Structure formats: structure tokens, C-alpha cells
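Novice: Sharing upload.csv below, CSV, N, CA and C atoms:
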chain,number,residue,atom,x,y,z
A,197,MET,N,-61.9,23.9,-54.8
A,197,MET,CA,-62.1,22.8,-55.8
A,197,MET,C,-63.1,23.3,-56.9
A,198,LYS,N,-64.1,24.0,-56.5
A,198,LYS,CA,-65.1,24.5,-57.5
A,198,LYS,C,-64.5,25.5,-58.5
A,199,LYS,N,-63.5,26.3,-57.9
A,199,LYS,CA,-62.8,27.3,-58.8
A,199,LYS,C,-62.0,26.6,-59.9
A,200,ASN,N,-61.4,25.5,-59.5
A,200,ASN,CA,-60.6,24.8,-60.5
A,200,ASN,C,-61.5,24.2,-61.6
A,201,LYS,N,-62.7,23.7,-61.2
A,201,LYS,CA,-63.6,23.1,-62.2
A,201,LYS,C,-64.0,24.2,-63.2
A,202,ILE,N,-64.3,25.4,-62.6
A,202,ILE,CA,-64.8,26.5,-63.5
A,202,ILE,C,-63.7,26.9,-64.4
A,203,ILE,N,-62.4,27.0,-63.9
A,203,ILE,CA,-61.3,27.3,-64.8
A,203,ILE,C,-61.1,26.3,-65.9
A,204,SER,N,-61.2,25.0,-65.5
A,204,SER,CA,-61.1,23.9,-66.5
A,204,SER,C,-62.1,24.0,-67.5
A,205,VAL,N,-63.4,24.2,-67.1
A,205,VAL,CA,-64.4,24.4,-68.1
A,205,VAL,C,-64.2,25.5,-69.1
A,206,LEU,N,-63.7,26.7,-68.5
A,206,LEU,CA,-63.4,27.8,-69.4
A,206,LEU,C,-62.3,27.5,-70.3
A,207,MET,N,-61.3,26.8,-69.9
A,207,MET,CA,-60.1,26.5,-70.7
A,207,MET,C,-60.6,25.6,-71.9
A,208,ILE,N,-61.4,24.6,-71.5
A,208,ILE,CA,-61.9,23.7,-72.6
A,208,ILE,C,-62.8,24.4,-73.6
A,209,ALA,N,-63.6,25.4,-73.1
A,209,ALA,CA,-64.4,26.2,-74.0
A,209,ALA,C,-63.6,27.0,-74.9
A,210,LEU,N,-62.5,27.6,-74.4
A,210,LEU,CA,-61.6,28.4,-75.2
A,210,LEU,C,-60.9,27.6,-76.3
A,211,ILE,N,-60.5,26.4,-75.9
A,211,ILE,CA,-59.9,25.5,-76.9
A,211,ILE,C,-60.8,25.0,-77.9
A,212,VAL,N,-62.1,24.7,-77.5
A,212,VAL,CA,-63.1,24.3,-78.5
A,212,VAL,C,-63.4,25.5,-79.4
A,213,PHE,N,-63.5,26.7,-78.9
A,213,PHE,CA,-63.8,27.9,-79.7
A,213,PHE,C,-62.7,28.1,-80.7
A,214,SER,N,-61.4,27.9,-80.3
A,214,SER,CA,-60.3,28.2,-81.2
A,214,SER,C,-60.3,27.1,-82.3
A,215,LEU,N,-60.6,25.9,-81.9
A,215,LEU,CA,-60.6,24.8,-82.9
A,215,LEU,C,-61.8,25.0,-84.0
A,216,ILE,N,-62.9,25.5,-83.5
A,216,ILE,CA,-64.0,25.8,-84.4
A,216,ILE,C,-63.7,26.9,-85.3
A,217,SER,N,-63.0,27.9,-84.8
A,217,SER,CA,-62.7,29.1,-85.6
A,217,SER,C,-61.6,28.7,-86.6
A,218,VAL,N,-60.7,27.8,-86.3
A,218,VAL,CA,-59.7,27.4,-87.3
A,218,VAL,C,-60.3,26.5,-88.3
A,219,MET,N,-61.3,25.6,-87.9
A,219,MET,CA,-61.9,24.7,-88.8
A,219,MET,C,-62.9,25.4,-89.8
A,220,THR,N,-63.3,26.6,-89.5
A,220,THR,CA,-64.3,27.3,-90.4
A,220,THR,C,-63.5,28.0,-91.5
A,221,VAL,N,-62.2,28.2,-91.4
A,221,VAL,CA,-61.5,28.9,-92.5
A,221,VAL,C,-61.5,28.1,-93.8
A,222,PRO,N,-61.3,26.8,-93.8
A,222,PRO,CA,-61.4,26.1,-95.1
A,222,PRO,C,-62.8,26.1,-95.7
A,223,ALA,N,-63.8,26.0,-94.8
A,223,ALA,CA,-65.2,26.1,-95.3
A,223,ALA,C,-65.5,27.5,-95.9
A,224,LEU,N,-65.0,28.5,-95.3
A,224,LEU,CA,-65.2,29.8,-95.9
A,224,LEU,C,-64.4,30.0,-97.2
A,225,ALA,N,-63.2,29.3,-97.3
A,225,ALA,CA,-62.4,29.4,-98.5
A,225,ALA,C,-63.1,28.7,-99.6
A,226,ALA,N,-63.7,27.5,-99.3
A,226,ALA,CA,-64.3,26.7,-100.4
A,226,ALA,C,-65.6,27.5,-100.8
A,227,GLY,N,-66.3,28.1,-99.9
A,227,GLY,CA,-67.5,28.8,-100.3
A,227,GLY,C,-67.2,30.1,-101.1
A,228,GLU,N,-66.1,30.7,-100.8
A,228,GLU,CA,-65.7,31.9,-101.5
A,228,GLU,C,-65.0,31.6,-102.8
A,229,ALA,N,-64.4,30.4,-102.9
A,229,ALA,CA,-63.7,30.1,-104.1
A,229,ALA,C,-64.7,29.8,-105.3
A,230,ALA,N,-66.0,29.5,-104.9
A,230,ALA,CA,-67.0,29.3,-106.0
A,230,ALA,C,-67.4,30.5,-106.6
A,231,GLU,N,-67.2,31.6,-106.0
A,231,GLU,CA,-67.6,32.9,-106.6
A,231,GLU,C,-66.5,33.5,-107.3
A,232,ALA,N,-66.4,33.3,-108.6
A,232,ALA,CA,-65.2,33.8,-109.4
A,232,ALA,C,-65.4,35.2,-109.8
A,233,ALA,N,-66.6,35.8,-109.7
A,233,ALA,CA,-66.9,37.1,-110.3
A,233,ALA,C,-66.1,38.2,-109.5
A,234,ALA,N,-66.0,38.0,-108.2
A,234,ALA,CA,-65.3,39.0,-107.4
A,234,ALA,C,-64.1,38.4,-106.7
A,235,ALA,N,-63.2,38.0,-107.6
A,235,ALA,CA,-62.0,37.2,-107.1
A,235,ALA,C,-61.1,38.0,-106.2
A,236,GLU,N,-60.9,39.3,-106.6
A,236,GLU,CA,-59.9,40.1,-105.8
A,236,GLU,C,-60.5,40.5,-104.5
A,237,THR,N,-61.8,40.8,-104.4
A,237,THR,CA,-62.5,41.1,-103.2
A,237,THR,C,-62.5,39.9,-102.3
A,238,ASN,N,-62.8,38.7,-102.9
A,238,ASN,CA,-62.9,37.5,-102.1
A,238,ASN,C,-61.5,37.1,-101.5
A,239,GLU,N,-60.5,37.4,-102.3
A,239,GLU,CA,-59.1,37.1,-101.8
A,239,GLU,C,-58.8,37.9,-100.6
A,240,ASN,N,-59.1,39.2,-100.6
A,240,ASN,CA,-58.9,40.1,-99.5
A,240,ASN,C,-59.7,39.6,-98.3
A,241,ASP,N,-61.0,39.3,-98.5
A,241,ASP,CA,-61.8,38.8,-97.4
A,241,ASP,C,-61.3,37.5,-96.8
A,242,LEU,N,-60.8,36.6,-97.7
A,242,LEU,CA,-60.3,35.3,-97.2
A,242,LEU,C,-59.0,35.6,-96.4
A,243,LEU,N,-58.2,36.5,-96.8
A,243,LEU,CA,-57.0,36.8,-96.0
A,243,LEU,C,-57.3,37.4,-94.7
A,244,SER,N,-58.3,38.2,-94.7
A,244,SER,CA,-58.8,38.8,-93.4
A,244,SER,C,-59.4,37.7,-92.5
A,245,THR,N,-60.2,36.8,-93.1
A,245,THR,CA,-60.7,35.7,-92.3
A,245,THR,C,-59.7,34.9,-91.7
A,246,LYS,N,-58.6,34.6,-92.5
A,246,LYS,CA,-57.5,33.7,-92.0
A,246,LYS,C,-56.8,34.4,-90.9
A,247,ALA,N,-56.6,35.7,-91.0
A,247,ALA,CA,-55.9,36.5,-90.0
A,247,ALA,C,-56.7,36.5,-88.7
A,248,TRP,N,-58.0,36.7,-88.8
A,248,TRP,CA,-58.8,36.7,-87.6
A,248,TRP,C,-58.9,35.3,-86.9
A,249,ALA,N,-58.9,34.2,-87.7
A,249,ALA,CA,-59.0,32.9,-87.2
A,249,ALA,C,-57.7,32.6,-86.5
A,250,ALA,N,-56.5,33.0,-87.1
A,250,ALA,CA,-55.2,32.7,-86.4
A,250,ALA,C,-55.1,33.6,-85.2
A,251,ALA,N,-55.6,34.8,-85.2
A,251,ALA,CA,-55.5,35.6,-84.0
A,251,ALA,C,-56.3,35.1,-82.9
A,252,ILE,N,-57.5,34.7,-83.2
A,252,ILE,CA,-58.4,34.1,-82.2
A,252,ILE,C,-57.8,32.8,-81.6
A,253,ALA,N,-57.3,32.0,-82.5
A,253,ALA,CA,-56.7,30.7,-82.0
A,253,ALA,C,-55.5,31.0,-81.1
A,254,ILE,N,-54.6,31.8,-81.5
A,254,ILE,CA,-53.4,32.1,-80.7
A,254,ILE,C,-53.8,32.8,-79.4
A,255,GLY,N,-54.7,33.7,-79.4
A,255,GLY,CA,-55.2,34.4,-78.2
A,255,GLY,C,-55.8,33.4,-77.2
A,256,ALA,N,-56.7,32.6,-77.7
A,256,ALA,CA,-57.4,31.6,-76.8
A,256,ALA,C,-56.4,30.6,-76.2
A,257,VAL,N,-55.5,30.0,-77.1
A,257,VAL,CA,-54.6,29.0,-76.6
A,257,VAL,C,-53.5,29.7,-75.7
A,258,GLY,N,-53.1,30.9,-76.0
A,258,GLY,CA,-52.2,31.6,-75.1
A,258,GLY,C,-52.8,31.9,-73.8
A,259,PHE,N,-54.0,32.3,-73.8
A,259,PHE,CA,-54.7,32.6,-72.5
A,259,PHE,C,-54.9,31.4,-71.7
A,260,ALA,N,-55.3,30.3,-72.3
A,260,ALA,CA,-55.5,29.0,-71.6
A,260,ALA,C,-54.2,28.5,-71.1
A,261,GLY,N,-53.2,28.6,-71.9
A,261,GLY,CA,-51.8,28.2,-71.4
A,261,GLY,C,-51.3,29.0,-70.3
A,262,ALA,N,-51.6,30.3,-70.3
A,262,ALA,CA,-51.1,31.1,-69.2
A,262,ALA,C,-51.9,30.8,-67.9
A,263,ILE,N,-53.2,30.5,-68.0
A,263,ILE,CA,-53.9,30.1,-66.8
A,263,ILE,C,-53.4,28.8,-66.3
A,264,GLY,N,-53.2,27.8,-67.2
A,264,GLY,CA,-52.7,26.5,-66.8
A,264,GLY,C,-51.3,26.6,-66.1
A,265,MET,N,-50.4,27.5,-66.7
A,265,MET,CA,-49.1,27.6,-66.1
A,265,MET,C,-49.2,28.3,-64.7
A,266,ALA,N,-50.1,29.3,-64.6
A,266,ALA,CA,-50.3,30.0,-63.3
A,266,ALA,C,-50.8,29.0,-62.2
A,267,ILE,N,-51.7,28.2,-62.6
A,267,ILE,CA,-52.3,27.2,-61.7
A,267,ILE,C,-51.2,26.2,-61.3
A,268,ALA,N,-50.4,25.7,-62.2
A,268,ALA,CA,-49.4,24.7,-61.9
A,268,ALA,C,-48.3,25.3,-61.0
A,269,ILE,N,-47.9,26.5,-61.3
A,269,ILE,CA,-46.8,27.2,-60.5
A,269,ILE,C,-47.4,27.4,-59.1
A,270,ALA,N,-48.6,27.9,-59.0
A,270,ALA,CA,-49.2,28.1,-57.7
A,270,ALA,C,-49.3,26.9,-56.8
A,271,LYS,N,-49.7,25.8,-57.4
A,271,LYS,CA,-49.9,24.5,-56.7
A,271,LYS,C,-48.5,24.0,-56.3
A,272,CYS,N,-47.5,24.1,-57.2
A,272,CYS,CA,-46.2,23.6,-56.9
A,272,CYS,C,-45.5,24.5,-55.8
A,273,ALA,N,-45.7,25.8,-55.8
A,273,ALA,CA,-45.2,26.6,-54.7
A,273,ALA,C,-45.8,26.3,-53.4
A,274,GLU,N,-47.1,26.0,-53.4
A,274,GLU,CA,-47.8,25.6,-52.2
A,274,GLU,C,-47.3,24.3,-51.7
A,275,SER,N,-47.1,23.3,-52.6
A,275,SER,CA,-46.7,22.0,-52.1
A,275,SER,C,-45.2,22.1,-51.7
A,276,MET,N,-44.4,22.9,-52.2
A,276,MET,CA,-43.0,23.1,-51.8
A,276,MET,C,-43.0,23.7,-50.4
A,277,ALA,N,-43.9,24.6,-50.1
A,277,ALA,CA,-44.0,25.3,-48.8
A,277,ALA,C,-44.4,24.3,-47.8
A,278,ARG,N,-45.3,23.3,-48.1
A,278,ARG,CA,-45.7,22.3,-47.2
A,278,ARG,C,-44.6,21.2,-46.9
A,279,GLN,N,-43.9,20.8,-48.0
A,279,GLN,CA,-42.9,19.8,-47.8
A,279,GLN,C,-41.6,20.3,-48.5
A,280,PRO,N,-40.8,21.1,-47.7
A,280,PRO,CA,-39.5,21.6,-48.3
A,280,PRO,C,-38.5,20.5,-48.7
A,281,GLU,N,-38.6,19.4,-48.0
A,281,GLU,CA,-37.6,18.3,-48.4
A,281,GLU,C,-37.9,17.7,-49.7
A,282,ALA,N,-39.1,17.9,-50.3
A,282,ALA,CA,-39.4,17.3,-51.6
A,282,ALA,C,-39.4,18.4,-52.7
A,283,ALA,N,-38.8,19.5,-52.4
A,283,ALA,CA,-38.8,20.7,-53.3
A,283,ALA,C,-38.1,20.3,-54.7
A,284,ALA,N,-37.1,19.6,-54.6
A,284,ALA,CA,-36.4,19.3,-55.9
A,284,ALA,C,-37.2,18.4,-56.8
A,285,LYS,N,-37.9,17.4,-56.3
A,285,LYS,CA,-38.8,16.6,-57.1
A,285,LYS,C,-40.0,17.3,-57.6
A,286,ILE,N,-40.5,18.2,-56.7
A,286,ILE,CA,-41.7,19.0,-57.1
A,286,ILE,C,-41.3,20.0,-58.2
A,287,ASN,N,-40.1,20.6,-58.1
A,287,ASN,CA,-39.7,21.6,-59.0
A,287,ASN,C,-39.4,20.9,-60.4
A,288,SER,N,-38.8,19.7,-60.4
A,288,SER,CA,-38.6,19.1,-61.7
A,288,SER,C,-39.9,18.6,-62.4
A,289,ALA,N,-40.9,18.2,-61.6
A,289,ALA,CA,-42.2,17.8,-62.1
A,289,ALA,C,-42.9,19.0,-62.7
A,290,MET,N,-42.8,20.2,-62.0
A,290,MET,CA,-43.4,21.4,-62.4
A,290,MET,C,-42.8,21.8,-63.8
A,291,MET,N,-41.5,21.8,-63.9
A,291,MET,CA,-40.8,22.2,-65.1
A,291,MET,C,-41.2,21.3,-66.3
A,292,LEU,N,-41.4,20.0,-66.0
A,292,LEU,CA,-41.8,19.1,-67.1
A,292,LEU,C,-43.2,19.5,-67.5
A,293,GLY,N,-44.1,19.7,-66.6
A,293,GLY,CA,-45.5,20.1,-66.9
A,293,GLY,C,-45.5,21.4,-67.7
A,294,LEU,N,-44.7,22.4,-67.3
A,294,LEU,CA,-44.7,23.7,-68.0
A,294,LEU,C,-44.2,23.5,-69.4
A,295,VAL,N,-43.2,22.6,-69.6
A,295,VAL,CA,-42.7,22.4,-70.9
A,295,VAL,C,-43.8,21.8,-71.8
A,296,PHE,N,-44.6,20.9,-71.3
A,296,PHE,CA,-45.7,20.4,-72.1
A,296,PHE,C,-46.8,21.4,-72.4
A,297,ILE,N,-47.1,22.3,-71.5
A,297,ILE,CA,-48.0,23.4,-71.7
A,297,ILE,C,-47.5,24.3,-72.8
A,298,GLU,N,-46.2,24.6,-72.7
A,298,GLU,CA,-45.6,25.5,-73.7
A,298,GLU,C,-45.6,24.9,-75.0
A,299,THR,N,-45.4,23.6,-75.1
A,299,THR,CA,-45.4,22.9,-76.4
A,299,THR,C,-46.7,23.0,-77.1
A,300,VAL,N,-47.8,22.9,-76.3
A,300,VAL,CA,-49.1,23.0,-76.9
A,300,VAL,C,-49.3,24.4,-77.5
A,301,ILE,N,-48.8,25.4,-76.8
A,301,ILE,CA,-48.9,26.8,-77.3
A,301,ILE,C,-48.1,27.0,-78.5
A,302,ILE,N,-46.9,26.4,-78.6
A,302,ILE,CA,-46.1,26.5,-79.8
A,302,ILE,C,-46.8,25.8,-81.0
A,303,TYR,N,-47.4,24.6,-80.7
A,303,TYR,CA,-48.1,23.9,-81.8
A,303,TYR,C,-49.3,24.8,-82.3
A,304,ALA,N,-49.9,25.5,-81.4
A,304,ALA,CA,-51.0,26.4,-81.8
A,304,ALA,C,-50.4,27.5,-82.7
A,305,LEU,N,-49.3,28.0,-82.4
A,305,LEU,CA,-48.6,29.1,-83.2
A,305,LEU,C,-48.3,28.5,-84.6
A,306,ILE,N,-47.8,27.3,-84.6
A,306,ILE,CA,-47.5,26.7,-85.9
A,306,ILE,C,-48.8,26.5,-86.8
A,307,VAL,N,-49.8,26.1,-86.1
A,307,VAL,CA,-51.1,25.9,-86.8
A,307,VAL,C,-51.6,27.2,-87.4
A,308,ALA,N,-51.5,28.3,-86.5
A,308,ALA,CA,-52.0,29.6,-87.0
A,308,ALA,C,-51.2,30.1,-88.2
A,309,ILE,N,-49.9,29.9,-88.1
A,309,ILE,CA,-49.0,30.3,-89.3
A,309,ILE,C,-49.4,29.5,-90.5
A,310,LEU,N,-49.7,28.2,-90.4
A,310,LEU,CA,-50.1,27.4,-91.5
A,310,LEU,C,-51.5,27.8,-92.0
A,311,VAL,N,-52.4,28.2,-91.2
A,311,VAL,CA,-53.7,28.7,-91.6
A,311,VAL,C,-53.5,30.0,-92.4
A,312,ILE,N,-52.6,30.9,-92.0
A,312,ILE,CA,-52.4,32.1,-92.8
A,312,ILE,C,-51.8,31.9,-94.1
A,313,PHE,N,-50.7,31.1,-94.1
A,313,PHE,CA,-49.9,31.0,-95.4
A,313,PHE,C,-50.2,29.8,-96.2
A,314,VAL,N,-50.8,28.7,-95.7
A,314,VAL,CA,-51.0,27.5,-96.5
A,314,VAL,C,-52.4,27.3,-97.0
A,315,LEU,N,-53.4,27.5,-96.1
A,315,LEU,CA,-54.8,27.3,-96.5
A,315,LEU,C,-55.3,28.4,-97.3
Can you dump the structure from the file as C-alpha cells?
Specialist:
Amino acid sequence: MKKNKIISVLMIALIVFSLISVMTVPALAAGEAAEAAAAETNENDLLSTKAWAAAIAIGAVGFAGAIGMAIAIAKCAESMARQPEAAAKINSAMMLGLVFIETVIIYALIVAILVIFVL
């Protein structure tokens, strides 16, 4: 039980870290937009910052999603081994949970693409 709490805290920390890194990109863009003297250099720096923010966000969310999926699959396999007669219901619930986890990862990918090309 303690291991699950530690993993949950780590996943929450990764998600918070990715959100903070994504939220700092507009602040950096606003701060760099005020400096018009070095426009070309700032544009390259901004693009680099956006790329790093997107990479960190996707990496953190992908890592957290992989851990969540691994835990869900392990627990479902364990429960199917204990109650083979309920395997169909457990399997369908697991698939639904995996779909929700994968949806969050896809949303993070979309946000990262928006950070790179729109902000």
C-alpha cells in the first residue's frame, strides 16, 4: 500500500511539473517580446523554450501514463487470477480505464503541439 502512495505522489509531482513548465512558456514569451532589439535571437530562444516545455510535458505525462497503465494491468491480472469467473468483467473495466489513461496522454500531446505552433 505504501508503494502505491509513493507512486501516486510521484505521478502527481510529474503532472504538476509538466503543467508548470507549460505555463511558463507564455510568461517567457511575454517577457522576451518586450525586448525588440534582439528580435531574431529572442525568436530562436523562444522556439527552443517551447520545444523544451513540450518535450518535458510529453515525457512526464507519458511516463506517468505508463506507470498508471502498468499498475492497472498488474492489478487486473492479479484479480483475474483470484477470480477467473469474473475475468470478462474485470477485463472490460481494465480496457475502459486504459482508454481513459491513453486519452489523457493524447490530450497532453495535443497541448504540446499547440504550445510549439500556436503560442
Novice: What is the distance between atom CA of Trp248 of chain A and atom C of Tyr303 of chain A, in Å to one decimal?
Specialist: 16.1 Å
Novice: Tell me, in Å to one decimal, how far atom N of Gln279 of chain A is from atom N of Ala266 of chain A.
Specialist: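 Value for the atom N of Gln279 of chain A-atom N of Ala266 of chain A distance: 19.7 Å.
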Novice: Report, in Å with one decimal, the straight-line distance from atom CA of Lys271 of chain A to atom CA of Val257 of chain A.
Specialist: 20.9 Å
Novice: Go through A:Ala277, A:Leu305, A:Ile252, A:Ile269 one by one, measure the shortest atom-to-atom distance of each to Leu292 of chain A using only C-alpha atoms, and give the residue with the smallest value.
Specialist: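 With only C-alpha atoms as the atom set, the closest residue is A:Ile269.
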Novice: Go through A:Leu315, A:Ala282, A:Lys201, A:Leu206 one by one, measure the shortest atom-to-atom distance of each to Phe259 of chain A using only C-alpha atoms, and give the residue with the smallest value.
Specialist: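 Of A:Leu315, A:Ala282, A:Lys201, A:Leu206, the one nearest Phe259 of chain A, counting only C-alpha atoms, is A:Leu206.
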Novice: When you count all atoms listed in the file, which of these residues is closest to Ile312 of chain A: A:Ala289, A:Val300, A:Val295, A:Ala249?
Specialist: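 Counting all atoms listed in the file, the residue closest to Ile312 of chain A is A:Ala249.
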Novice: Could you check which of A:Ile306, A:Ala251, A:Ala284, A:Leu294 is closest to Met265 of chain A, using all atoms listed in the file?
Specialist: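 Among A:Ile306, A:Ala251, A:Ala284, A:Leu294, it is A:Leu294 that comes nearest to Met265 of chain A.
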